[in-house]
Structure formats: C-alpha cells, structure tokens
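Just work_21.cif here, mmCIF, C-alpha atoms:
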```
data_run
loop_
_atom_site.label_atom_id
_atom_site.label_comp_id
_atom_site.auth_asym_id
_atom_site.auth_seq_id
_atom_site.Cartn_x
_atom_site.Cartn_y
_atom_site.Cartn_z
CA MET A 1 0.00 0.00 0.00
CA LEU A 2 1.08 3.54 -0.58
CA LEU A 3 1.47 6.17 2.09
CA VAL A 4 -0.49 9.31 1.50
CA LEU A 5 1.42 12.26 2.87
CA SER A 6 -0.33 15.53 3.63
CA GLU A 7 0.73 18.86 2.20
CA ASP A 8 2.12 20.08 5.51
CA HIS A 9 4.16 16.95 5.79
CA LYS A 10 5.59 17.45 2.30
CA ALA A 11 6.43 21.07 3.11
CA HIS A 12 8.27 20.00 6.28
CA LEU A 13 10.23 17.37 4.48
CA SER A 14 11.09 19.66 1.58
CA PHE A 15 13.63 21.27 3.89
CA LEU A 16 15.61 18.05 3.67
CA THR A 17 16.11 18.38 -0.10
CA LYS A 18 18.43 21.29 0.42
CA ALA A 19 20.68 19.36 2.77
CA ASP A 20 23.25 16.76 1.76
CA GLY A 21 23.66 13.07 2.57
CA SER A 22 25.48 13.19 5.91
CA VAL A 23 22.97 15.68 7.26
CA ILE A 24 20.17 13.28 6.35
CA GLU A 25 21.93 10.54 8.31
CA GLU A 26 22.26 12.85 11.26
CA PHE A 27 18.62 13.84 11.08
CA GLY A 28 17.61 10.20 10.84
CA ARG A 29 19.53 9.47 14.02
CA ILE A 30 17.97 12.45 15.81
CA ALA A 31 14.50 11.33 14.70
CA LEU A 32 15.04 7.85 16.15
CA GLU A 33 16.38 9.25 19.41
CA PHE A 34 13.24 11.38 19.53
CA LEU A 35 11.18 8.21 19.27
CA ARG A 36 13.12 6.49 21.97
CA LYS A 37 13.62 9.23 24.50
CA GLY A 38 11.57 12.26 23.54
CA ALA A 39 12.50 15.56 21.91
CA ASN A 40 15.71 17.35 22.85
CA PRO A 41 15.52 21.09 21.95
CA LYS A 42 19.26 21.65 22.40
CA ILE A 43 20.02 19.30 19.51
CA TYR A 44 17.62 21.26 17.31
CA GLU A 45 19.34 24.52 18.20
CA GLY A 46 22.80 23.07 17.51
CA ALA A 47 21.71 21.70 14.14
CA ALA A 48 19.97 24.98 13.23
CA ARG A 49 23.10 26.95 13.97
CA LYS A 50 25.29 24.62 11.89
CA LEU A 51 22.99 24.75 8.87
CA CYS A 52 22.01 28.45 9.26
CA VAL A 53 18.29 27.81 9.18
CA PRO A 54 15.57 28.68 11.75
CA VAL A 55 15.05 26.25 14.65
CA GLY A 56 11.40 25.74 13.70
CA MET A 57 12.42 24.36 10.32
CA VAL A 58 14.83 21.87 11.87
CA GLN A 59 12.16 20.75 14.30
CA HIS A 60 9.58 20.29 11.55
CA GLY A 61 12.09 18.41 9.45
CA VAL A 62 12.90 15.97 12.27
CA GLU A 63 9.24 15.51 13.18
CA GLY A 64 8.31 14.97 9.54
CA LEU A 65 11.02 12.35 9.18
CA MET A 66 9.92 10.63 12.36
CA PHE A 67 6.30 10.58 11.23
CA LEU A 68 7.36 9.07 7.90
CA MET A 69 9.25 6.33 9.74
CA THR A 70 6.43 5.51 12.16
CA GLU A 71 3.77 5.41 9.46
CA SER A 72 5.88 3.16 7.24
CA SER A 73 6.80 0.83 10.11
CA LYS A 74 3.22 0.73 11.33
CA HIS A 75 1.94 -0.58 8.00
CA MET A 76 5.00 -2.76 7.33
CA ILE A 77 5.37 -1.25 3.85
CA SER A 78 7.56 -3.10 1.38
CA GLU A 79 10.55 -1.38 -0.22
CA VAL A 80 8.80 -0.77 -3.51
CA ASP A 81 5.80 0.88 -1.87
CA PHE A 82 8.06 3.01 0.27
CA MET A 83 9.98 4.22 -2.79
CA ASP A 84 6.73 5.01 -4.61
CA SER A 85 5.40 6.98 -1.64
CA VAL A 86 8.62 8.90 -1.25
CA ILE A 87 8.87 9.74 -4.95
CA THR A 88 5.69 11.85 -4.63
CA LEU A 89 7.66 14.16 -2.37
CA GLY A 90 9.78 15.17 -5.33
CA PHE A 91 13.18 14.55 -3.79
CA GLY A 92 16.30 13.47 -5.61
CA GLU A 93 17.18 9.82 -6.19
CA GLU A 94 20.02 9.87 -3.66
CA LEU A 95 17.73 11.20 -0.92
CA ASN A 96 15.15 8.54 -1.70
CA GLN A 97 17.79 5.86 -1.40
CA SER A 98 19.07 7.15 1.94
CA LEU A 99 15.52 7.38 3.30
CA LEU A 100 14.94 3.81 2.16
CA GLN A 101 18.13 2.65 3.90
CA LEU A 102 17.05 4.41 7.08
CA TYR A 103 13.65 2.74 6.93
CA MET A 104 14.99 -0.76 6.31
CA ARG A 105 17.58 -0.59 9.03
CA HIS A 106 15.30 0.71 11.76
CA LYS A 107 11.95 -0.83 10.84
CA HIS A 108 11.94 -3.49 13.53
CA GLN A 109 13.18 -1.21 16.25
CA VAL A 110 10.47 1.31 15.51
CA ARG A 111 7.84 -1.42 15.58
CA SER A 112 9.00 -2.67 18.95
CA ILE A 113 8.94 0.86 20.38
CA LEU A 114 5.44 1.42 18.99
CA SER A 115 4.17 -1.85 20.42
CA GLN A 116 5.17 -0.74 23.91
CA LEU A 117 2.93 2.32 23.72
CA LEU A 118 -0.36 0.48 23.65
CA CYS A 119 -0.64 -2.10 26.46
CA ASN A 120 -2.47 -0.47 29.33
CA GLN A 121 -4.55 -3.25 30.81
CA PRO A 122 -3.14 -4.71 34.01
CA ALA A 123 -1.54 -8.11 33.52
CA TYR A 124 -1.05 -10.99 35.92
CA HIS A 125 2.16 -10.81 37.89
CA ASN A 126 1.89 -13.10 40.93
CA LEU A 127 -0.62 -14.81 43.19
CA GLU A 128 -0.18 -15.41 46.91
CA TRP A 129 -2.70 -17.41 48.91
CA ARG A 130 -3.41 -18.58 52.43
CA LEU A 131 -5.81 -21.16 53.88
CA ASP A 132 -7.34 -20.30 57.26
CA VAL A 133 -9.98 -21.83 59.50
CA GLN A 134 -12.17 -19.53 61.58
CA LEU A 135 -12.74 -21.18 64.96
CA ALA A 136 -14.71 -18.57 66.87
CA SER A 137 -15.96 -15.02 66.67
CA ARG A 138 -17.30 -12.53 69.18
CA SER A 139 -20.87 -13.74 68.72
CA VAL A 140 -20.44 -17.46 68.06
CA ARG A 141 -17.91 -19.88 69.53
CA GLN A 142 -17.09 -23.40 68.35
CA GLN A 143 -17.23 -22.73 64.62
CA ILE A 144 -15.30 -24.31 61.80
CA ILE A 145 -15.28 -22.09 58.72
CA PRO A 146 -12.48 -22.61 56.18
CA MET A 147 -11.50 -19.56 54.15
CA VAL A 148 -8.98 -18.94 51.40
CA THR A 149 -7.35 -15.48 51.28
CA ILE A 150 -5.80 -14.51 47.96
CA ARG A 151 -3.59 -11.59 47.00
CA LEU A 152 -3.51 -11.00 43.25
CA LEU A 153 -0.58 -8.86 42.12
CA LEU A 154 -0.94 -7.12 38.79
CA THR A 155 1.40 -4.95 36.72
CA SER A 156 0.35 -2.38 34.17
CA TYR A 157 2.74 -1.22 31.50
CA ASP A 158 1.71 2.42 31.18
CA ALA A 159 4.35 4.86 32.43
CA ASN A 160 6.59 2.44 34.34
CA SER A 161 5.55 -1.00 35.51
CA THR A 162 3.29 -0.04 38.39
CA HIS A 163 2.17 -2.85 40.66
CA SER A 164 -1.35 -3.00 42.00
CA CYS A 165 -2.65 -5.64 44.35
CA MET A 166 -6.11 -6.94 44.97
CA ASP A 167 -7.05 -8.85 48.15
CA LEU A 168 -9.81 -11.40 47.81
CA GLN A 169 -11.37 -13.87 50.19
CA THR A 170 -13.44 -16.90 49.30
CA ASP A 171 -14.77 -20.12 50.76
CA PRO A 172 -13.51 -23.40 49.29
CA SER A 173 -16.65 -24.21 47.28
CA THR A 174 -16.51 -20.89 45.42
CA LEU A 175 -12.82 -21.48 44.83
CA LEU A 176 -13.55 -24.89 43.31
CA HIS A 177 -16.15 -23.29 41.07
CA VAL A 178 -13.64 -20.62 39.95
CA ILE A 179 -11.08 -23.34 39.23
CA SER A 180 -13.53 -25.36 37.13
CA THR A 181 -14.58 -22.24 35.17
CA LEU A 182 -10.95 -21.36 34.42
CA GLU A 183 -10.23 -24.94 33.36
CA ALA A 184 -13.22 -24.79 31.03
CA ALA A 185 -11.76 -21.57 29.59
CA LEU A 186 -8.44 -23.33 28.99
CA ALA A 187 -10.21 -26.27 27.42
CA ALA A 188 -11.94 -23.89 25.00
CA MET A 189 -8.52 -23.35 23.40
CA LYS A 190 -8.53 -27.00 22.32
CA THR A 191 -11.91 -27.04 20.54
CA SER A 192 -11.88 -27.54 16.79
CA HIS A 193 -13.24 -24.03 16.24
CA ALA A 194 -10.36 -22.40 18.11
CA ARG A 195 -7.85 -24.72 16.41
CA ARG A 196 -9.14 -23.76 12.97
CA ILE A 197 -8.72 -20.05 13.71
CA LEU A 198 -5.22 -20.50 15.15
CA ARG A 199 -4.15 -22.51 12.10
CA ASN A 200 -5.33 -19.73 9.81
CA ILE A 201 -3.61 -16.98 11.76
CA LYS A 202 -0.28 -18.80 11.54
CA MET B 1 7.04 -39.28 37.78
CA ARG B 2 5.90 -37.64 40.94
CA PHE B 3 8.40 -35.94 43.18
CA ARG B 4 7.87 -35.03 46.81
CA PHE B 5 9.91 -31.86 46.61
CA CYS B 6 7.65 -30.62 43.79
CA GLY B 7 4.60 -31.23 45.96
CA ASP B 8 3.79 -34.68 44.51
CA LEU B 9 3.62 -33.27 41.02
CA ASP B 10 5.81 -33.68 37.95
CA CYS B 11 9.13 -31.91 37.98
CA PRO B 12 9.02 -28.81 35.72
CA ASP B 13 10.90 -29.19 32.43
CA TRP B 14 13.16 -26.23 33.04
CA VAL B 15 14.39 -27.74 36.32
CA LEU B 16 15.34 -30.93 34.49
CA ALA B 17 17.21 -28.92 31.88
CA GLU B 18 19.10 -26.79 34.38
CA ILE B 19 20.14 -29.71 36.56
CA SER B 20 22.44 -30.72 33.74
CA THR B 21 23.90 -27.18 33.80
CA LEU B 22 24.52 -27.55 37.53
CA ALA B 23 26.42 -30.78 36.96
CA LYS B 24 29.03 -28.83 34.98
CA ILE B 25 30.58 -27.12 38.01
CA SER B 26 32.48 -29.02 40.69
CA SER B 27 30.59 -30.14 43.78
CA VAL B 28 32.63 -27.90 46.09
CA LYS B 29 31.77 -24.83 44.02
CA MET B 30 28.14 -25.92 43.95
CA LYS B 31 28.04 -26.13 47.73
CA LEU B 32 29.35 -22.52 47.92
CA LEU B 33 26.73 -21.51 45.35
CA CYS B 34 24.06 -23.16 47.54
CA ALA B 35 25.30 -21.14 50.49
CA GLN B 36 24.85 -17.93 48.47
CA VAL B 37 21.35 -18.92 47.34
CA LEU B 38 20.38 -19.77 50.93
CA LYS B 39 21.62 -16.36 52.04
CA ASP B 40 19.38 -14.78 49.42
CA LEU B 41 16.36 -16.89 50.40
CA LEU B 42 16.87 -15.92 54.06
CA GLY B 43 16.77 -12.28 53.03
CA GLU B 44 20.45 -11.45 53.50
CA GLY B 45 21.12 -10.59 49.86
CA LEU B 46 23.13 -12.30 47.16
CA ASP B 47 26.73 -11.38 46.38
CA TYR B 48 26.68 -11.50 42.60
CA GLU B 49 30.46 -10.98 42.33
CA LYS B 50 31.16 -14.14 44.33
CA VAL B 51 28.70 -16.10 42.23
CA ALA B 52 30.35 -14.87 39.04
CA LYS B 53 33.78 -15.90 40.35
CA LEU B 54 32.50 -19.36 41.33
CA THR B 55 31.04 -20.01 37.92
CA ALA B 56 33.90 -18.44 35.95
CA ASP B 57 35.85 -21.73 35.72
CA ALA B 58 33.01 -23.54 34.04
CA LYS B 59 32.67 -20.60 31.64
CA PHE B 60 29.04 -19.91 32.45
CA GLU B 61 27.44 -17.11 30.52
CA SER B 62 25.11 -14.71 32.30
CA GLY B 63 22.10 -16.76 31.19
CA ASP B 64 23.61 -19.92 32.70
CA ILE B 65 24.42 -18.15 35.98
CA LYS B 66 20.86 -16.88 36.29
CA ALA B 67 19.48 -20.31 35.40
CA SER B 68 21.58 -22.13 37.99
CA LEU B 69 20.62 -19.60 40.69
CA ALA B 70 16.96 -20.02 39.73
CA VAL B 71 17.04 -23.81 39.84
CA LEU B 72 18.85 -23.91 43.20
CA SER B 73 16.41 -21.37 44.59
CA PHE B 74 13.46 -23.44 43.34
CA ILE B 75 14.79 -26.73 44.71
CA LEU B 76 15.63 -25.34 48.15
CA SER B 77 12.45 -23.31 48.60
CA SER B 78 10.06 -26.02 47.43
CA ALA B 79 11.83 -28.65 49.53
CA ALA B 80 11.30 -26.39 52.56
CA LYS B 81 7.73 -25.67 51.45
CA HIS B 82 6.74 -29.34 51.31
CA ASP B 83 8.87 -30.24 54.36
CA VAL B 84 11.00 -32.84 52.61
CA ASP B 85 13.75 -34.50 54.62
CA SER B 86 17.25 -34.39 53.20
CA GLU B 87 17.61 -38.12 52.35
CA SER B 88 14.48 -38.11 50.18
CA LEU B 89 15.61 -34.86 48.57
CA SER B 90 19.01 -36.37 47.81
CA SER B 91 17.55 -39.51 46.25
CA GLU B 92 15.01 -37.54 44.18
CA LEU B 93 17.72 -35.21 42.87
CA GLN B 94 19.88 -38.18 41.92
CA GLN B 95 16.89 -39.67 40.08
CA LEU B 96 16.71 -36.41 38.10
CA GLY B 97 20.31 -36.76 37.07
CA LEU B 98 22.26 -34.66 39.56
CA PRO B 99 25.59 -36.40 40.40
CA LYS B 100 25.85 -37.97 43.86
CA GLU B 101 28.46 -35.55 45.33
CA HIS B 102 26.44 -32.54 44.18
CA ALA B 103 23.25 -33.98 45.66
CA THR B 104 24.85 -34.75 49.02
CA GLY B 105 26.45 -31.29 49.17
CA LEU B 106 23.14 -29.60 48.39
CA CYS B 107 21.25 -31.69 50.95
CA LYS B 108 23.83 -31.00 53.65
CA SER B 109 23.40 -27.22 53.14
CA TYR B 110 19.62 -27.70 53.05
CA GLU B 111 19.61 -29.66 56.28
CA ASP B 112 21.69 -27.03 58.09
CA LYS B 113 19.34 -24.22 57.18
CA HIS B 114 16.11 -26.24 57.03
CA SER B 115 14.36 -24.73 60.04
CA ALA B 116 15.65 -21.19 59.40
CA LEU B 117 14.30 -21.41 55.85
CA GLN B 118 10.91 -22.62 57.04
CA ASP B 119 10.72 -19.81 59.60
CA ARG B 120 11.54 -17.27 56.94
CA LEU B 121 8.89 -18.69 54.60
CA ARG B 122 6.37 -18.62 57.42
CA GLU B 123 7.17 -14.94 58.06
CA THR B 124 6.74 -13.95 54.43
CA SER B 125 3.40 -15.77 54.06
CA LEU B 126 0.45 -13.69 53.07
CA ARG B 127 -0.79 -11.39 55.81
CA LEU B 128 -3.33 -8.72 55.02
CA ARG B 129 -2.44 -6.05 57.51
CA ARG B 130 0.09 -6.35 60.32
CA LEU B 131 0.01 -4.56 63.65
CA ASP B 132 3.28 -2.80 64.38
CA SER B 133 2.67 -1.10 67.70
CA VAL B 134 0.00 0.13 70.08
CA SER B 135 0.38 3.22 72.22
CA TRP B 136 -2.17 4.57 74.67
CA ARG B 137 -2.90 7.54 76.87
CA VAL B 138 -5.50 8.07 79.59
CA ASP B 139 -6.93 11.58 79.92
CA TYR B 140 -9.35 12.97 82.44
CA THR B 141 -11.95 15.33 81.01
CA LEU B 142 -12.85 18.13 83.43
CA SER B 143 -15.52 20.01 81.56
CA SER B 144 -16.78 20.67 78.05
CA SER B 145 -18.94 23.08 76.09
CA GLU B 146 -21.96 20.79 76.57
CA ILE B 147 -21.89 20.37 80.33
CA ARG B 148 -19.80 22.15 82.99
CA GLU B 149 -18.65 19.17 85.04
CA VAL B 150 -17.69 16.06 83.08
CA ASN B 151 -15.07 14.41 85.37
CA GLU B 152 -14.60 11.28 83.32
CA PRO B 153 -11.52 9.45 82.09
CA LEU B 154 -10.96 9.01 78.35
CA ILE B 155 -8.59 6.55 76.68
CA HIS B 156 -6.71 7.34 73.46
CA LEU B 157 -5.31 4.44 71.46
CA LYS B 158 -2.86 4.76 68.56
CA LEU B 159 -2.50 1.68 66.33
CA GLN B 160 0.35 1.50 63.80
CA THR B 161 -0.25 -1.02 61.03
CA HIS B 162 1.30 -1.72 57.68
CA ARG B 163 -0.04 -3.46 54.61
CA ALA B 164 2.09 -5.14 51.99
CA ASP B 165 5.56 -3.68 52.62
CA PRO B 166 6.94 -2.24 55.86
CA GLY B 167 7.35 1.16 54.24
CA SER B 168 3.68 1.97 53.90
CA SER B 169 2.49 2.26 57.50
CA ASP B 170 -0.89 3.58 58.55
CA THR B 171 -1.86 5.13 61.84
CA THR B 172 -5.29 4.77 63.36
CA MET B 173 -6.27 6.90 66.36
CA VAL B 174 -9.24 5.97 68.48
CA SER B 175 -10.62 7.56 71.61
CA ILE B 176 -12.77 5.30 73.80
CA SER B 177 -14.97 5.89 76.83
CA PRO B 178 -14.22 3.75 79.92
CA ASP B 179 -17.25 1.45 79.56
CA LYS B 180 -16.58 0.66 75.91
CA PHE B 181 -12.95 0.10 76.77
CA ARG B 182 -13.86 -2.40 79.48
CA VAL B 183 -16.02 -4.29 76.97
CA LEU B 184 -13.15 -4.29 74.45
CA LEU B 185 -10.73 -5.55 77.07
CA THR B 186 -13.05 -8.40 78.16
CA GLU B 187 -13.64 -9.54 74.58
CA LEU B 188 -9.93 -9.48 73.78
CA LYS B 189 -9.19 -11.45 76.94
CA GLN B 190 -11.74 -14.07 75.88
CA ALA B 191 -10.07 -14.31 72.49
CA GLN B 192 -6.69 -14.67 74.19
CA THR B 193 -7.96 -17.55 76.38
CA MET B 194 -9.28 -19.31 73.30
CA MET B 195 -5.98 -18.78 71.48
CA ASN B 196 -3.97 -20.16 74.39
CA ALA B 197 -6.25 -23.20 74.57
CA LEU B 198 -5.29 -24.04 70.99
CA GLN B 199 -1.55 -24.07 71.44
#
```
Conversion result in structure tokens:
Amino acid sequence: MLLVLSEDHKAHLSFLTKADGSVIEEFGRIALEFLRKGANPKIYEGAARKLCVPVGMVQHGVEGLMFLMTESSKHMISEVDFMDSVITLGFGEELNQSLLQLYMRHKHQVRSILSQLLCNQPAYHNLEWRLDVQLASRSVRQQIIPMVTIRLLLTSYDANSTHSCMDLQTDPSTLLHVISTLEAALAAMKTSHARRILRNIK
Amino acid sequence: MRFRFCGDLDCPDWVLAEISTLAKISSVKMKLLCAQVLKDLLGEGLDYEKVAKLTADAKFESGDIKASLAVLSFILSSAAKHDVDSESLSSELQQLGLPKEHATGLCKSYEDKHSALQDRLRETSLRLRRLDSVSWRVDYTLSSSEIREVNEPLIHLKLQTHRADPGSSDTTMVSISPDKFRVLLTELKQAQTMMNALQ
C-alpha cells in the first residue's frame, strides 16, 4: 500500500532536499532518538546553527522524518511501496535511497517501540494465597469455617511497571467453582473451532 | 514421575534442563553456590560478584548463571515448602540426574538451614495487615462546652499497622470511653484464652 502524505508533511520534508547526505543521516539518528527518549531542543538549536536555518524548520524536518518512519513501520510497507510513496515528495534519487536505507535498518526497532505504547490493561504478575480456619468469633464460639485469602498482584505497562494488588477472600466451594470455570476456559482453546482459527492466523 | 519436593507433582521441564547445567561445576563450588542462594532466600542478599567468580571456571554465561541460581532457589524453597527431609531430597535429585556428590552437598546445606528457611517462609506468608505497635494515653476530662462538670476518664489508642511492605504504614487513632474500653478488654481477653487453649 502507498502512504499518502499531507501537504504540511511534504512542506516540512522539503527542507531536507536542500541538505546533503550526511545531514540526512544525522537527522535520521535524531528522529530515532526522539522516538526512543523524547524531543531534545538543544540538539535542534545546535543543528539549526550549523545549517544556518531557523530552529522551527529543523524541528519540523525531524518531526516529519519521524512521522514518515512511524507510518511506514506501522503498515509494514515493502521497499517498492516506500519508494513510490517517497517519490511523490519530489526529492532526488540519492535522498530517496538514503531514506529507504534508514527505513529498512530501523523498521523493527520502531515497531518494537510502537508496540510498547499500547498495552495499558493490568496483567497478571503473581498470586499469593493462604488457607485459614475460623474457629470462633465474638458472637459465636465453636465454629469451623475454612477460608482462602488470595492476593492477586498485577502490573500495568503504562508509564513504568506499576504494581497493584487486589485482596480477595473466598470459601472453598466458590474457589472450586472458579477453578472449574478457568479450566473450562483453557479447554476452550482446544476445541476444533479455536484450532481452525489459530491454524489460519499462523 | 511424581516428586515429593515438587509437591507430589511432575518436575518442571526447566528444572530438568538446568540440573544438567549444575552438573558442569564441581561439587565444592556448587556447595558454595548453595550457600549464596540460601543467604538470598533468608533475606540477607546475594553477592553476585562471588557467584560470578565461582562459575567463571566452568565458563558460564550470564544466562547460565541466572538459570543455575533459579534452579537452586526453586529446589531449596520447594523442599522447605513441602517439608521434605534431606535423604528423600538427595535420592530424588539423583533420580533427576544430579551427580551424587552434588546432591549430598546440596542436601547437607539444606539440612543445616532447614528450620531457618521454614521460619523465613512462614514470616513472608500472606498477611493482610500487620500490627506494628499500640500506644495509649489516659486523659481525664474536666468540663466541656456541653456540660460544665464532666469528670470522666478518656482513653486514646494509637495503632500503627502496615499493609504489603513495611514502608507503607498507617496510623489509626481511636478515643474510647471507659465502659466501651472495658467491653473491648473483656472480649480481647476471651479471644486470648481461646488462642492459648489451641496451642
């Protein structure tokens, strides 16, 4: 599939046509650092001074390059499609080639960075449990009530891995019911319907 | 094959695989490695430098070092969990393919620290909220805005508790009238009698 780039995007990237090959490399590196760690304004100012252009232009150029990389990596575009998309920008052949090299080298890295941005549901981390027997309370003596106390530890991958814990208490019959429901869920993976879908995904 | 130290279940595949890694170092070095792992399980911390030096002869990579620490930690903690005696542990480990000297060395270290390990595991078992300390103060109220002469004692209790980790402690302050406090004391004494009868 072809990338469709907006007019603003093309205008931002047109700045790159005036620069030569090594500068493109440098800008590629800055764009990837931006993806990994966030924007660094001092680098923009240093680059702007060296090339005698306004800081805003440098920033737009880097952001445009970064957007090009993320969009291409997101859709897993083949080389041919990438070249066709980039040709619409009207750059020279050399620039197209260097952009293609940049894309091919860093495609997988960009994809792994992008995949980390999405997961925000808490995931299972650990489970601690304890079996107790209640023998008496203030109102009733001589009881025997077994209870299972469970601490479910979860991590969520949003900003850092934050741990949350949930304390639950249940009697043994409910616990057996939960166990049988979960085993039924596991067994659902082995039905022919699920197997057919998994075969087709692979 | 059911193993007692795995809780009468099958031995996990990764344990089987890493036992062969353990067999690569000499039994003396393995006993020192066990000592380090026991220190870590008892909460005293692991000296990674020493471990790296011990495994340097056998040319372990970092993955192998981590794997051998993990398998030793698993064996020792689940043996303590299921209260396995050292002869059974030794014979089960030899059945899994660990050489005899290594197994005896491991079981000797296990036997030395068996009760300390079980105490430590008992301490770190799940507890919802632990009581750290109780402090109290008895005041005598002379008068108040409602009535001129009150002349009654009042008890203040401060309970320090913590939840999951000792860092997050909570403080609860309660003030109790004498009658309520007497009821509380009687009930707690009844609970104490019942608790002592169990032991």
With 8 Å as the limit and counting all atoms listed in the file, what residues in chain B lie close to chain A? Please list them as a PyMOL selection string. chain B and resi 125-126+128+187
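Applied to the file shown here, the PyMOL selection byres ((chain A and resi 58) around 9) selects the residues His12, Phe15, Phe27, Tyr44, Glu45, Ala47, Ala48, Val53, Pro54, Val55, Gly56, Met57, Gln59, His60, Gly61, Val62 and Glu63 of chain A.
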Could you state which residues are captured by the PyMOL selection byres ((chain B and resi 104) around 10) in this file, as a list in words? Ser27, Lys31, Ser86, Glu87, Leu89, Ser90, Ser91, Leu93, Gln94, Leu98, Pro99, Lys100, Glu101, His102, Ala103, Gly105, Leu106, Cys107, Lys108, Ser109 and Tyr110 of chain B
Close residues, Gly64 (chain A) itself excluded, 12 Å, only C-alpha atoms, min 5 positions apart in chain, as a short mmCIF file (atom, residue, chain, number, x, y, z; two decimals) with C-alpha atoms, keeping the file's coordinate frame:
```cif
data_model
loop_
_atom_site.label_atom_id
_atom_site.label_comp_id
_atom_site.auth_asym_id
_atom_site.auth_seq_id
_atom_site.Cartn_x
_atom_site.Cartn_y
_atom_site.Cartn_z
CA LEU A 5 1.42 12.26 2.87
CA SER A 6 -0.33 15.53 3.63
CA GLU A 7 0.73 18.86 2.20
CA ASP A 8 2.12 20.08 5.51
CA HIS A 9 4.16 16.95 5.79
CA LYS A 10 5.59 17.45 2.30
CA ALA A 11 6.43 21.07 3.11
CA HIS A 12 8.27 20.00 6.28
CA LEU A 13 10.23 17.37 4.48
CA SER A 14 11.09 19.66 1.58
CA PHE A 15 13.63 21.27 3.89
CA LEU A 16 15.61 18.05 3.67
CA PHE A 27 18.62 13.84 11.08
CA GLY A 28 17.61 10.20 10.84
CA ILE A 30 17.97 12.45 15.81
CA ALA A 31 14.50 11.33 14.70
CA LEU A 32 15.04 7.85 16.15
CA PHE A 34 13.24 11.38 19.53
CA GLY A 56 11.40 25.74 13.70
CA MET A 57 12.42 24.36 10.32
CA VAL A 58 14.83 21.87 11.87
CA GLN A 59 12.16 20.75 14.30
CA MET A 69 9.25 6.33 9.74
CA THR A 70 6.43 5.51 12.16
CA GLU A 71 3.77 5.41 9.46
CA LEU A 89 7.66 14.16 -2.37
#
```
Would you work out the distance separating CA of Asn126 (chain A) from CA of Met166 (chain A), expressed in Å to one decimal?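 Rounded to one decimal, the two atoms are 10.9 Å apart.
Between CA of Ser72 (chain A) and CA of Gly92 (chain A) lies a distance of 19.5 Å.
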I'd like the interatomic distance between CA of Leu131 (chain B) and CA of Asn196 (chain B), to a tenth of an Å.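 Those two atoms sit 19.4 Å apart.
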Please enumerate the residues selected by the PyMOL selection byres ((chain B and resi 75) around 12) when evaluated against the supplied file, formatted as a PyMOL selection string. chain B and resi 3-7+11-12+14-16+18-19+34+37-38+41+68-74+76-84+86+89-90+92-93+96+103+106-107+110
Just want the 10 Å neighbourhood of Ile77 (chain A), counted on all atoms listed in the file, with same-chain residues fewer than 2 positions away dropped. Output as a PyMOL selection string. chain A and resi 1-3+71-75+79-83+85+103-104+107
Using all atoms listed in the file, which residue out of B:Thr193, B:Val28, B:Lys66, B:Thr141 lies closest to Ser177 (chain B)?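 Among B:Thr193, B:Val28, B:Lys66, B:Thr141, it is B:Thr141 that comes nearest to Ser177 (chain B).
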Just need the box for region 138-153 of chain B, edges along x, y and z, holding every atom the file lists for it with 3 Å tacked onto each side, so centre and edge lengths in Å to one decimal, as AutoDock Vina command-line options.
```
--center_x -13.7 --center_y 15.6 --center_z 80.7 --size_x 22.5 --size_y 21.0 --size_z 15.3
```
Might you pull out every residue within 9 Å of region 143-159 of chain B, with only C-alpha atoms counted and same-chain residues fewer than 2 positions away left off, and present them as a JSON list (two decimals) with C-alpha atoms, in the frame of the given file?
```
[["chain", "number", "residue", "atom", "x", "y", "z"],
["B", 131, "LEU", "CA", 0.01, -4.56, 63.65],
["B", 132, "ASP", "CA", 3.28, -2.80, 64.38],
["B", 133, "SER", "CA", 2.67, -1.10, 67.70],
["B", 134, "VAL", "CA", 0.00, 0.13, 70.08],
["B", 135, "SER", "CA", 0.38, 3.22, 72.22],
["B", 136, "TRP", "CA", -2.17, 4.57, 74.67],
["B", 137, "ARG", "CA", -2.90, 7.54, 76.87],
["B", 138, "VAL", "CA", -5.50, 8.07, 79.59],
["B", 139, "ASP", "CA", -6.93, 11.58, 79.92],
["B", 140, "TYR", "CA", -9.35, 12.97, 82.44],
["B", 141, "THR", "CA", -11.95, 15.33, 81.01],
["B", 161, "THR", "CA", -0.25, -1.02, 61.03],
["B", 170, "ASP", "CA", -0.89, 3.58, 58.55],
["B", 171, "THR", "CA", -1.86, 5.13, 61.84],
["B", 172, "THR", "CA", -5.29, 4.77, 63.36],
["B", 173, "MET", "CA", -6.27, 6.90, 66.36],
["B", 174, "VAL", "CA", -9.24, 5.97, 68.48],
["B", 175, "SER", "CA", -10.62, 7.56, 71.61],
["B", 176, "ILE", "CA", -12.77, 5.30, 73.80],
["B", 177, "SER", "CA", -14.97, 5.89, 76.83],
["B", 178, "PRO", "CA", -14.22, 3.75, 79.92],
["B", 181, "PHE", "CA", -12.95, 0.10, 76.77]]
```
